[in-house]
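Colleague: Contents of start37.tsv (TSV, C-alpha atoms and all ligand atoms):
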```tsv
chain	number	residue	atom	x	y	z
A	1	MET	CA	-6.24	-12.34	-17.65
A	2	ASN	CA	-8.44	-12.45	-14.57
A	3	PRO	CA	-12.03	-12.64	-15.97
A	4	LEU	CA	-13.09	-9.73	-13.76
A	5	GLU	CA	-10.57	-7.54	-15.54
A	6	HIS	CA	-12.75	-7.58	-18.67
A	7	GLU	CA	-15.19	-5.41	-16.77
A	8	LEU	CA	-12.55	-2.67	-16.55
A	9	SER	CA	-10.89	-0.76	-19.36
A	10	TYR	CA	-7.29	0.31	-19.69
A	11	PRO	CA	-6.74	3.43	-21.84
A	12	TRP	CA	-2.93	2.93	-21.88
A	13	PRO	CA	-1.93	-0.63	-22.88
A	14	ASP	CA	1.83	-0.06	-22.52
A	15	VAL	CA	3.69	0.63	-19.30
A	16	PRO	CA	6.57	3.14	-19.07
A	17	ALA	CA	10.09	1.60	-18.96
A	18	LEU	CA	12.42	2.31	-16.01
A	19	GLY	CA	13.59	5.90	-16.08
A	20	THR	CA	10.96	7.01	-18.59
A	21	THR	CA	7.51	8.55	-18.15
A	22	THR	CA	4.17	8.37	-19.91
A	23	ALA	CA	2.13	11.60	-20.06
A	24	LEU	CA	-1.47	10.82	-19.06
A	25	ARG	CA	-2.76	14.41	-19.03
A	26	PRO	CA	-0.98	17.73	-19.47
A	27	GLY	CA	1.52	18.02	-16.60
A	28	LEU	CA	0.73	14.56	-15.20
A	29	HIS	CA	3.19	11.72	-15.83
A	30	TRP	CA	3.14	8.00	-15.01
A	31	VAL	CA	6.43	6.59	-13.63
A	32	ARG	CA	7.11	2.93	-12.94
A	33	MET	CA	9.79	1.37	-10.69
A	34	ARG	CA	10.74	-2.27	-10.21
A	35	LEU	CA	10.18	-4.16	-6.95
A	36	PRO	CA	12.08	-7.32	-5.94
A	37	PHE	CA	8.89	-9.17	-4.87
A	38	ALA	CA	6.19	-11.33	-6.49
A	39	LEU	CA	4.49	-7.94	-6.98
A	40	ASP	CA	7.26	-6.68	-9.22
A	41	HIS	CA	6.46	-3.01	-9.84
A	42	ILE	CA	4.96	0.17	-8.41
A	43	ASN	CA	3.45	3.16	-10.20
A	44	LEU	CA	4.46	6.64	-9.09
A	45	TRP	CA	3.13	9.97	-10.34
A	46	LEU	CA	5.02	13.06	-11.38
A	47	LEU	CA	3.20	16.39	-11.59
A	48	ASP	CA	4.19	19.72	-13.07
A	49	ASP	CA	3.90	22.16	-10.14
A	50	GLU	CA	4.58	25.61	-8.79
A	51	VAL	CA	5.11	26.47	-5.12
A	52	ASP	CA	5.92	29.97	-3.77
A	53	GLY	CA	6.41	31.22	-7.32
A	54	VAL	CA	8.98	28.53	-8.13
A	55	ARG	CA	8.15	26.25	-11.04
A	56	GLY	CA	9.14	22.60	-10.52
A	57	TRP	CA	7.78	19.12	-9.85
A	58	SER	CA	5.81	17.20	-7.26
A	59	ILE	CA	6.13	13.45	-6.83
A	60	ILE	CA	3.45	11.16	-5.46
A	61	ASP	CA	5.03	8.02	-3.89
A	62	CYS	CA	8.71	7.16	-4.13
A	63	GLY	CA	9.70	3.50	-4.68
A	64	ILE	CA	11.83	1.43	-2.28
A	65	THR	CA	15.39	2.36	-1.40
A	66	SER	CA	17.42	0.53	-4.05
A	67	ASP	CA	20.07	1.40	-6.61
A	68	ASP	CA	17.58	0.50	-9.28
A	69	SER	CA	14.94	3.02	-8.12
A	70	LYS	CA	17.58	5.72	-7.62
A	71	GLU	CA	18.85	5.13	-11.13
A	72	GLY	CA	15.30	5.40	-12.46
A	73	TRP	CA	14.79	8.73	-10.69
A	74	GLU	CA	18.21	10.06	-11.76
A	75	ARG	CA	17.30	9.39	-15.37
A	76	ILE	CA	13.98	11.20	-14.93
A	77	PHE	CA	15.74	14.19	-13.28
A	78	GLU	CA	18.01	14.36	-16.34
A	79	THR	CA	15.46	13.87	-19.07
A	80	VAL	CA	12.11	15.13	-17.76
A	81	PHE	CA	12.78	17.68	-15.00
A	82	ASP	CA	14.18	20.15	-17.55
A	83	GLY	CA	16.41	21.86	-14.99
A	84	ARG	CA	13.54	22.52	-12.58
A	85	PRO	CA	13.63	21.47	-8.90
A	86	LEU	CA	11.64	18.93	-6.92
A	87	LEU	CA	9.12	20.95	-4.88
A	88	ARG	CA	7.41	18.33	-2.72
A	89	VAL	CA	6.85	14.63	-2.19
A	90	ILE	CA	3.46	13.26	-1.19
A	91	ALA	CA	3.41	9.68	0.17
A	92	THR	CA	0.07	7.86	0.23
A	93	HIS	CA	1.10	5.58	3.13
A	94	PHE	CA	4.06	4.13	5.04
A	95	HIS	CA	4.60	0.87	3.09
A	96	PRO	CA	8.19	0.55	1.81
A	97	ASP	CA	7.39	0.75	-1.91
A	98	HIS	CA	5.63	4.09	-1.33
A	99	LEU	CA	7.85	5.75	1.29
A	100	GLY	CA	11.25	4.05	0.82
A	101	LEU	CA	13.06	6.76	-1.12
A	102	ALA	CA	11.38	9.81	0.47
A	103	HIS	CA	14.48	10.49	2.60
A	104	TRP	CA	16.70	10.44	-0.49
A	105	LEU	CA	14.35	12.53	-2.61
A	106	THR	CA	13.52	15.21	-0.04
A	107	ALA	CA	16.87	15.56	1.69
A	108	GLY	CA	18.81	15.77	-1.51
A	109	GLY	CA	20.12	12.22	-1.56
A	110	GLU	CA	23.75	11.67	-2.46
A	111	HIS	CA	23.59	14.41	-5.04
A	112	ARG	CA	22.20	16.96	-2.52
A	113	ARG	CA	20.13	18.35	-5.29
A	114	TRP	CA	16.74	18.78	-3.66
A	115	SER	CA	15.42	19.99	-0.38
A	116	ALA	CA	11.71	19.39	-0.51
A	117	PRO	CA	9.01	18.81	2.12
A	118	LEU	CA	7.30	15.46	2.62
A	119	TRP	CA	3.50	15.54	2.82
A	120	MET	CA	1.78	12.65	4.63
A	121	SER	CA	-0.98	11.80	7.07
A	122	ALA	CA	0.16	11.82	10.70
A	123	THR	CA	-0.37	8.11	11.38
A	124	GLU	CA	1.46	6.99	8.27
A	125	TRP	CA	4.45	9.27	8.86
A	126	THR	CA	4.73	8.20	12.51
A	127	ILE	CA	4.63	4.47	11.77
A	128	GLY	CA	7.12	4.79	8.91
A	129	ARG	CA	9.49	6.83	11.08
A	130	LEU	CA	9.25	4.32	13.96
A	131	LEU	CA	9.71	1.24	11.79
A	132	SER	CA	12.65	2.74	9.92
A	133	GLN	CA	14.40	3.02	13.30
A	134	SER	CA	13.63	-0.59	14.23
A	135	LYS	CA	17.04	-2.11	13.55
A	136	GLY	CA	19.72	-3.80	15.65
A	137	GLU	CA	18.28	-4.99	18.98
A	138	LEU	CA	14.88	-3.45	18.27
A	139	GLY	CA	14.83	-5.38	15.01
A	140	VAL	CA	15.62	-8.65	16.83
A	141	GLU	CA	12.75	-8.03	19.27
A	142	ALA	CA	10.40	-7.26	16.40
A	143	GLY	CA	11.43	-10.53	14.74
A	144	GLU	CA	10.63	-12.46	17.95
A	145	ARG	CA	7.24	-10.78	18.19
A	146	ALA	CA	6.42	-11.58	14.57
A	147	ALA	CA	7.43	-15.24	15.03
A	148	ALA	CA	5.33	-15.51	18.24
A	149	HIS	CA	2.35	-14.00	16.40
A	150	PHE	CA	2.60	-16.48	13.52
A	151	ARG	CA	3.19	-19.42	15.90
A	152	ARG	CA	0.10	-18.44	17.92
A	153	HIS	CA	-1.83	-18.63	14.64
A	154	GLY	CA	-0.60	-22.10	13.74
A	155	LEU	CA	2.61	-21.61	11.75
A	156	ALA	CA	4.62	-24.54	13.14
A	157	ASP	CA	7.38	-25.15	10.58
A	158	PRO	CA	10.61	-24.20	12.46
A	159	ASP	CA	12.34	-23.20	9.25
A	160	SER	CA	9.63	-20.67	8.33
A	161	LEU	CA	9.51	-19.33	11.90
A	162	ASP	CA	13.26	-18.91	11.82
A	163	LYS	CA	13.05	-16.90	8.62
A	164	VAL	CA	10.29	-14.72	10.09
A	165	ARG	CA	12.49	-14.14	13.15
A	166	GLN	CA	15.55	-13.28	11.06
A	167	ARG	CA	13.62	-10.93	8.82
A	168	GLY	CA	12.36	-9.12	11.91
A	169	GLY	CA	12.15	-5.38	12.05
A	170	GLY	CA	15.20	-5.13	9.84
A	171	TYR	CA	12.98	-5.96	6.90
A	172	TYR	CA	11.30	-2.55	6.80
A	173	SER	CA	14.40	-0.55	7.67
A	174	LYS	CA	16.35	-2.20	4.86
A	175	LEU	CA	13.84	-0.90	2.31
A	176	VAL	CA	13.24	2.35	4.21
A	177	PRO	CA	16.51	3.12	6.03
A	178	ALA	CA	15.30	6.60	7.03
A	179	VAL	CA	12.14	8.70	7.04
A	180	PRO	CA	12.51	12.50	7.02
A	181	PRO	CA	12.47	13.89	10.59
A	182	SER	CA	9.77	16.45	9.81
A	183	TYR	CA	6.76	16.48	7.53
A	184	ARG	CA	3.68	18.42	6.52
A	185	ARG	CA	0.52	16.83	7.79
A	186	ILE	CA	-2.44	16.12	5.49
A	187	LEU	CA	-5.93	15.30	6.73
A	188	HIS	CA	-9.07	13.76	5.26
A	189	GLY	CA	-10.95	16.43	3.28
A	190	ASP	CA	-7.92	18.70	2.76
A	191	LEU	CA	-7.63	20.31	-0.66
A	192	ILE	CA	-4.19	20.29	-2.27
A	193	ALA	CA	-3.62	22.45	-5.37
A	194	ILE	CA	-0.95	21.07	-7.67
A	195	GLY	CA	0.12	22.62	-10.97
A	196	PRO	CA	1.63	25.75	-12.48
A	197	HIS	CA	0.09	29.17	-11.82
A	198	GLY	CA	-3.17	29.44	-13.77
A	199	GLY	CA	-3.33	25.69	-14.35
A	200	LYS	CA	-3.65	24.18	-10.89
A	201	ARG	CA	-5.55	20.96	-10.30
A	202	VAL	CA	-7.25	20.78	-6.92
A	203	PHE	CA	-7.05	17.35	-5.30
A	204	GLU	CA	-9.23	16.36	-2.36
A	205	VAL	CA	-7.68	14.06	0.25
A	206	ILE	CA	-9.67	10.86	0.85
A	207	VAL	CA	-8.44	8.83	3.81
A	208	GLY	CA	-8.92	5.07	3.62
A	209	ARG	CA	-8.39	2.42	6.30
A	210	GLY	CA	-7.85	-1.31	6.49
A	211	HIS	CA	-4.82	-1.57	4.18
A	212	ALA	CA	-2.87	0.97	6.23
A	213	PRO	CA	-4.18	3.02	9.16
A	214	GLU	CA	-4.53	6.44	7.44
A	215	HIS	CA	-3.92	5.86	3.75
A	216	VAL	CA	-4.29	8.94	1.52
A	217	SER	CA	-5.90	8.90	-1.92
A	218	LEU	CA	-6.23	12.09	-3.98
A	219	TYR	CA	-9.21	13.01	-6.14
A	220	CYS	CA	-9.35	15.84	-8.68
A	221	ALA	CA	-13.01	16.54	-9.50
A	222	ASP	CA	-12.34	18.86	-12.48
A	223	ASP	CA	-10.26	16.22	-14.26
A	224	ARG	CA	-12.10	13.20	-12.78
A	225	LEU	CA	-8.74	11.74	-11.68
A	226	LEU	CA	-8.33	9.44	-8.70
A	227	ILE	CA	-4.81	8.71	-7.46
A	228	SER	CA	-5.95	5.67	-5.50
A	229	GLY	CA	-2.69	4.41	-3.95
A	230	ASP	CA	-3.25	0.82	-2.80
A	231	MET	CA	-6.92	1.27	-1.85
A	232	VAL	CA	-8.31	0.48	-5.32
A	233	LEU	CA	-6.22	-1.79	-7.54
A	234	PRO	CA	-7.39	-3.25	-10.86
A	235	ARG	CA	-5.85	-6.72	-11.01
A	236	ILE	CA	-5.04	-7.85	-7.49
A	237	SER	CA	-7.11	-7.29	-4.39
A	238	THR	CA	-5.70	-4.85	-1.85
A	239	ASN	CA	-3.90	-6.60	1.00
A	240	VAL	CA	-5.90	-6.40	4.23
A	241	SER	CA	-4.02	-8.14	7.03
A	242	VAL	CA	-3.75	-8.53	10.77
A	243	PHE	CA	-0.09	-8.20	11.80
A	244	GLU	CA	1.68	-8.55	15.14
A	245	VAL	CA	1.68	-4.82	15.97
A	246	GLU	CA	-2.11	-4.95	16.24
A	247	PRO	CA	-2.80	-8.65	16.90
A	248	GLU	CA	-6.50	-8.16	17.66
A	249	GLY	CA	-7.17	-5.73	14.83
A	250	ASN	CA	-10.28	-5.93	12.64
A	251	PRO	CA	-9.20	-4.22	9.40
A	252	LEU	CA	-11.55	-5.87	6.88
A	253	PRO	CA	-14.75	-3.96	7.78
A	254	GLN	CA	-12.63	-0.78	7.90
A	255	TYR	CA	-11.41	-1.45	4.39
A	256	LEU	CA	-14.87	-2.27	2.99
A	257	HIS	CA	-16.35	0.80	4.65
A	258	SER	CA	-13.57	3.01	3.24
A	259	LEU	CA	-14.13	1.60	-0.25
A	260	ASP	CA	-17.67	2.96	-0.27
A	261	ARG	CA	-16.28	6.49	-0.15
A	262	TYR	CA	-15.16	5.99	-3.75
A	263	LEU	CA	-18.74	5.31	-4.83
A	264	GLN	CA	-19.42	9.01	-4.31
A	265	LEU	CA	-16.98	9.73	-7.16
A	266	PRO	CA	-18.10	9.34	-10.79
A	267	GLU	CA	-17.89	5.88	-12.38
A	268	ASN	CA	-15.96	7.38	-15.31
A	269	ALA	CA	-13.15	8.73	-13.08
A	270	LEU	CA	-9.73	7.68	-14.35
A	271	VAL	CA	-8.15	5.59	-11.58
A	272	LEU	CA	-4.37	5.80	-11.17
A	273	PRO	CA	-3.50	2.80	-8.98
A	274	SER	CA	-0.12	2.01	-7.38
A	275	HIS	CA	-0.03	-1.42	-9.03
A	276	GLY	CA	-1.41	-2.45	-12.43
A	277	LYS	CA	-2.40	0.05	-15.13
A	278	PRO	CA	-4.56	3.21	-15.05
A	279	PHE	CA	-8.15	2.10	-15.56
A	280	LEU	CA	-11.80	3.07	-15.94
A	281	GLY	CA	-14.50	1.23	-14.00
A	282	LEU	CA	-14.21	2.52	-10.42
A	283	HIS	CA	-17.66	1.50	-9.16
A	284	ARG	CA	-17.36	-1.85	-10.91
A	285	ARG	CA	-14.06	-2.50	-9.16
A	286	VAL	CA	-15.46	-1.50	-5.75
A	287	ALA	CA	-18.38	-3.90	-6.31
A	288	GLN	CA	-15.91	-6.66	-7.30
A	289	GLN	CA	-13.97	-6.12	-4.08
A	290	HIS	CA	-17.12	-6.35	-1.96
A	291	ALA	CA	-18.13	-9.56	-3.76
A	292	HIS	CA	-14.60	-10.98	-3.42
A	293	HIS	CA	-14.44	-10.46	0.34
A	294	GLN	CA	-18.02	-11.66	0.88
A	295	ALA	CA	-17.18	-14.89	-0.97
A	296	ARG	CA	-13.98	-15.28	1.10
A	297	LEU	CA	-15.89	-14.73	4.35
A	298	ASP	CA	-18.39	-17.43	3.34
A	299	GLU	CA	-15.55	-19.85	2.54
A	300	VAL	CA	-13.76	-19.12	5.81
A	301	LEU	CA	-16.96	-19.57	7.81
A	302	ALA	CA	-17.60	-22.92	6.10
A	303	ALA	CA	-14.02	-23.99	6.86
A	304	CYS	CA	-14.63	-23.15	10.53
A	305	ALA	CA	-17.23	-25.96	10.78
A	306	ARG	CA	-14.27	-27.62	12.50
A	307	PRO	CA	-11.92	-25.49	14.65
A	308	ALA	CA	-9.33	-23.92	12.33
A	309	SER	CA	-6.25	-21.78	12.88
A	310	ALA	CA	-5.32	-18.96	10.48
A	311	THR	CA	-2.66	-21.30	9.04
A	312	ASP	CA	-5.40	-23.89	8.32
A	313	ILE	CA	-7.31	-21.17	6.46
A	314	VAL	CA	-4.42	-20.14	4.17
A	315	PRO	CA	-4.96	-22.99	1.62
A	316	VAL	CA	-8.70	-22.25	1.65
A	317	LEU	CA	-8.08	-18.70	0.44
A	318	PHE	CA	-4.85	-19.19	-1.54
A	319	ARG	CA	-4.78	-22.22	-3.80
A	320	ARG	CA	-1.23	-21.82	-5.06
A	321	GLU	CA	2.40	-22.21	-3.92
A	322	LEU	CA	3.47	-19.31	-1.70
A	323	ASP	CA	6.98	-18.19	-0.78
A	324	LEU	CA	7.62	-17.00	2.79
A	325	HIS	CA	6.97	-13.33	1.97
A	326	GLN	CA	3.62	-14.31	0.41
A	327	THR	CA	2.83	-16.72	3.25
A	328	THR	CA	3.14	-13.98	5.87
A	329	PHE	CA	0.74	-11.80	3.86
A	330	ALA	CA	-1.59	-14.79	3.26
A	331	LEU	CA	-1.63	-15.57	6.99
A	332	GLY	CA	-2.32	-11.94	7.81
A	333	GLU	CA	-5.13	-11.89	5.27
A	334	SER	CA	-6.65	-15.16	6.54
A	335	LEU	CA	-6.61	-13.71	10.04
A	336	ALA	CA	-8.31	-10.54	8.81
A	337	HIS	CA	-11.22	-12.64	7.53
A	338	LEU	CA	-11.33	-14.74	10.71
A	339	HIS	CA	-11.35	-11.60	12.85
A	340	ALA	CA	-14.17	-10.03	10.80
A	341	LEU	CA	-16.27	-13.14	11.58
A	342	TRP	CA	-15.08	-13.21	15.19
A	343	PHE	CA	-15.95	-9.53	15.85
A	344	ASP	CA	-19.34	-10.26	14.27
A	345	GLY	CA	-19.93	-13.13	16.69
A	346	ARG	CA	-20.10	-15.72	13.91
A	347	VAL	CA	-17.03	-17.66	15.07
A	348	GLU	CA	-15.50	-18.06	18.50
A	349	ARG	CA	-11.82	-18.25	19.39
A	350	ARG	CA	-10.20	-20.84	21.66
A	351	ALA	CA	-6.56	-21.25	22.63
A	352	GLY	CA	-5.48	-24.90	22.34
A	353	ASP	CA	-3.07	-26.75	24.67
A	354	ASP	CA	-0.41	-26.02	22.04
A	355	GLY	CA	-1.03	-22.28	22.47
A	356	VAL	CA	-2.53	-22.00	18.98
A	357	TYR	CA	-5.71	-19.97	18.46
A	358	ARG	CA	-8.45	-21.83	16.59
A	359	PHE	CA	-11.72	-20.39	15.40
A	360	ALA	CA	-14.99	-22.34	15.20
A	361	ALA	CA	-18.40	-21.42	13.82
A	362	VAL	CA	-20.93	-20.78	16.58
A	401	ZN	ZN	0.49	-0.61	0.65
```
What is this file in structure tokens?

Modeller:
Amino acid sequence: MNPLEHELSYPWPDVPALGTTTALRPGLHWVRMRLPFALDHINLWLLDDEVDGVRGWSIIDCGITSDDSKEGWERIFETVFDGRPLLRVIATHFHPDHLGLAHWLTAGGEHRRWSAPLWMSATEWTIGRLLSQSKGELGVEAGERAAAHFRRHGLADPDSLDKVRQRGGGYYSKLVPAVPPSYRRILHGDLIAIGPHGGKRVFEVIVGRGHAPEHVSLYCADDRLLISGDMVLPRISTNVSVFEVEPEGNPLPQYLHSLDRYLQLPENALVLPSHGKPFLGLHRRVAQQHAHHQARLDEVLAACARPASATDIVPVLFRRELDLHQTTFALGESLAHLHALWFDGRVERRAGDDGVYRFAAV
């Protein structure tokens, strides 16, 4: 166990098996789906609900498009839904594990059982919709752009660049082959009432940045419940990366600034994260994340005593073997730290004769 985890507490030691749920509070269920990555699972939330006088269910986040996730949901429809319909799907952000199955859930899927609206922030819906359409030629172009981005930041191994190129835009659209063509927009500060008549929980929308452009977390003050999405995770630190679509982005300060919004919530709020287990210790975890990134920034700055590319920084921040999927995230994350220092004027950027950007302490 990560030593920092001892500062948090986990009221539920066991995780729900595929196709089953764990009741956390009346009308609030924890669902877990498998993911075919190093990060091998995602948590989703199922809430007893009532909309327009119809009693049914709301789902928060969906899982990727896979037979495995569909099977998990089918089993939950059979055993938990109790003959009631799906009323709405809320997706915290556009990443495939959160949005992947929204098209199948809301448009009825193969079984044509449901017809439910998708609730999302405008930026997240738009990006998801665009990326899901990035296949064929558009996917090839996206692959070229990604490879050029990584090459510019020092990834030289032709084999890895080839894999990045091949993965291209088709990577997202494989996990999210479609995003519903219409949606209901949610904004920071909106209040969303979820629950049966007479027993509604009111959730406040808290928008966070840095991990995704307009990520939505939901906080219920009466129950002290925070559905944190990927913004606050107990075991791993939230990925904050610079990718090719926004090559000069500076997401790290955005993320750290967004994190402070959670300090206005009570320390004893129960946090329901998308990865890991529900936990107590919100302020502690926010403080850990600040300390983590500060330490990383110090290490990166020290490594820039000599000009360093983002690829040179990867082994400074990640001291373990990485597969290609992890390497692309690690490179993106290294670049996020370099850019935070660069925007702050603490390092400068130079393009070498080889076309690679290197950063050096000023
Ligand atoms: Zn995410």

Colleague: Counting only C-alpha atoms and all ligand atoms, which protein, DNA or RNA residues come within 8 Å of ligand ZN 401 (chain A), given as a list in words?

Modeller: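 Taking only C-alpha atoms and all ligand atoms into account, the residues around ligand ZN 401 (chain A) at most 8 Å away are His93, Phe94, His95, Pro96, Asp97, His98, His211, Ala212, Gly229, Asp230, Thr238 and Asn239 of chain A.
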
Colleague: Find the residue from A:Lys277, A:His215, A:His257, A:Arg167 that sits nearest to A:Leu187; use all atoms listed in the file when measuring.

Modeller: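 Result for the nearest residue to A:Leu187: A:His215.
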
Colleague: Would you work out the distance separating atom CA of A:Leu272 from atom CA of A:Ile227, expressed in Å to one decimal?

Modeller: 4.7 Å

Colleague: Can you tell me, as a list in words, what residues are no more than 7 Å from A:Phe279 when counting only C-alpha atoms, ignoring any on the same chain fewer than 2 positions away?

Modeller: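 Surrounding residues, per the criterion: Leu8, Ser9, Tyr10, Pro11, Leu270, Val271, Leu272, Lys277 and Gly281 of chain A.
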
Colleague: Report as a ChimeraX atom specification all protein, DNA and RNA residues lying within 10 Å of stretch 171-176 of chain A, evaluated on only C-alpha atoms, omitting residues in the same chain fewer than 3 positions from it.

Modeller: /A:63-66,94-104,128-135,139,142-143,164,166-168,179

Colleague: Fewer than 5 positions away in the same chain doesn't count, so skip those; otherwise give me all residues within 8 Å of A:Ser58, counting all atoms listed in the file, as a CSV table (one decimal) with C-alpha atoms, in the coordinates of the input.

Modeller:
```csv
chain,number,residue,atom,x,y,z
A,46,LEU,CA,5.0,13.1,-11.4
A,47,LEU,CA,3.2,16.4,-11.6
A,48,ASP,CA,4.2,19.7,-13.1
A,49,ASP,CA,3.9,22.2,-10.1
A,86,LEU,CA,11.6,18.9,-6.9
A,87,LEU,CA,9.1,21.0,-4.9
A,88,ARG,CA,7.4,18.3,-2.7
A,89,VAL,CA,6.8,14.6,-2.2
A,90,ILE,CA,3.5,13.3,-1.2
A,194,ILE,CA,-1.0,21.1,-7.7
```

Colleague: Find the spatial neighbours of A:Arg358, counting all atoms listed in the file, within a cut-off of 6 Å - ignore same-chain residues fewer than 3 positions away - and output them as an MDAnalysis selection string.

Modeller: chainID A and resid 307:309 349:350

Colleague: Around the point (9.6, 6.3, -16.3) (coordinates from the file), which residues reach within 10 Å if we count all atoms listed in the file? Answer as a list in words.

Modeller: Val15, Pro16, Ala17, Leu18, Gly19, Thr20, Thr21, Thr22, Ala23, His29, Trp30, Val31, Arg32, Met33, Asn43, Leu44, Trp45, Leu46, Gly72, Trp73, Arg75, Ile76, Thr79 and Val80 of chain A

Colleague: Go through A:Glu5, A:Ala146, A:Val140, A:Glu74 and flag the residue nearest A:Glu246, using only C-alpha atoms for the distances.

Modeller: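 For A:Glu246, the nearest of the given residues is A:Ala146.
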
Colleague: By how many Å are atom CA of A:Gln264 and atom CA of A:Leu282 apart?

Modeller: 10.3 Å

Colleague: With only C-alpha atoms as the atoms that count, which of A:Ala38, A:Val286, A:Leu105, A:Ala303 lies nearest to A:Ile59?

Modeller: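 Once distances to A:Ile59 are computed over only C-alpha atoms, the minimum belongs to A:Leu105.
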
Colleague: With distances taken over all atoms listed in the file, which residue among A:Pro177, A:Arg346, A:Leu218, A:Ala91 lies nearest A:Gly189?

Modeller: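 Using all atoms listed in the file, A:Gly189 sits closest to A:Leu218.
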
Colleague: I'd like the neighbourhood of A:Tyr219 as an mmCIF file with C-alpha atoms, in the frame of the given file, where a residue qualifies if any of its atoms comes within 6 Å (using only C-alpha atoms), though same-chain residues fewer than 6 positions away should be ignored.

Modeller:
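around_25.cif was written with the following content:
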```cif
data_model
loop_
_atom_site.group_PDB
_atom_site.id
_atom_site.type_symbol
_atom_site.label_atom_id
_atom_site.label_comp_id
_atom_site.auth_asym_id
_atom_site.auth_seq_id
_atom_site.Cartn_x
_atom_site.Cartn_y
_atom_site.Cartn_z
ATOM 1 C CA PHE A 203 -7.050 17.350 -5.300
ATOM 2 C CA GLU A 204 -9.230 16.360 -2.360
ATOM 3 C CA LEU A 225 -8.740 11.740 -11.680
ATOM 4 C CA LEU A 226 -8.330 9.440 -8.700
#
```

Colleague: Between A:Ala122, A:Trp342, A:Leu322, A:Thr328, which has the minimum distance to A:Leu297 (counting all atoms listed in the file)?

Modeller: A:Trp342

Colleague: Report the distance between atom CA of A:Arg306 and atom CA of A:Ala360 in Å, rounded to one decimal place.

Modeller: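 Between atom CA of A:Arg306 and atom CA of A:Ala360 the gap works out to 6.0 Å.
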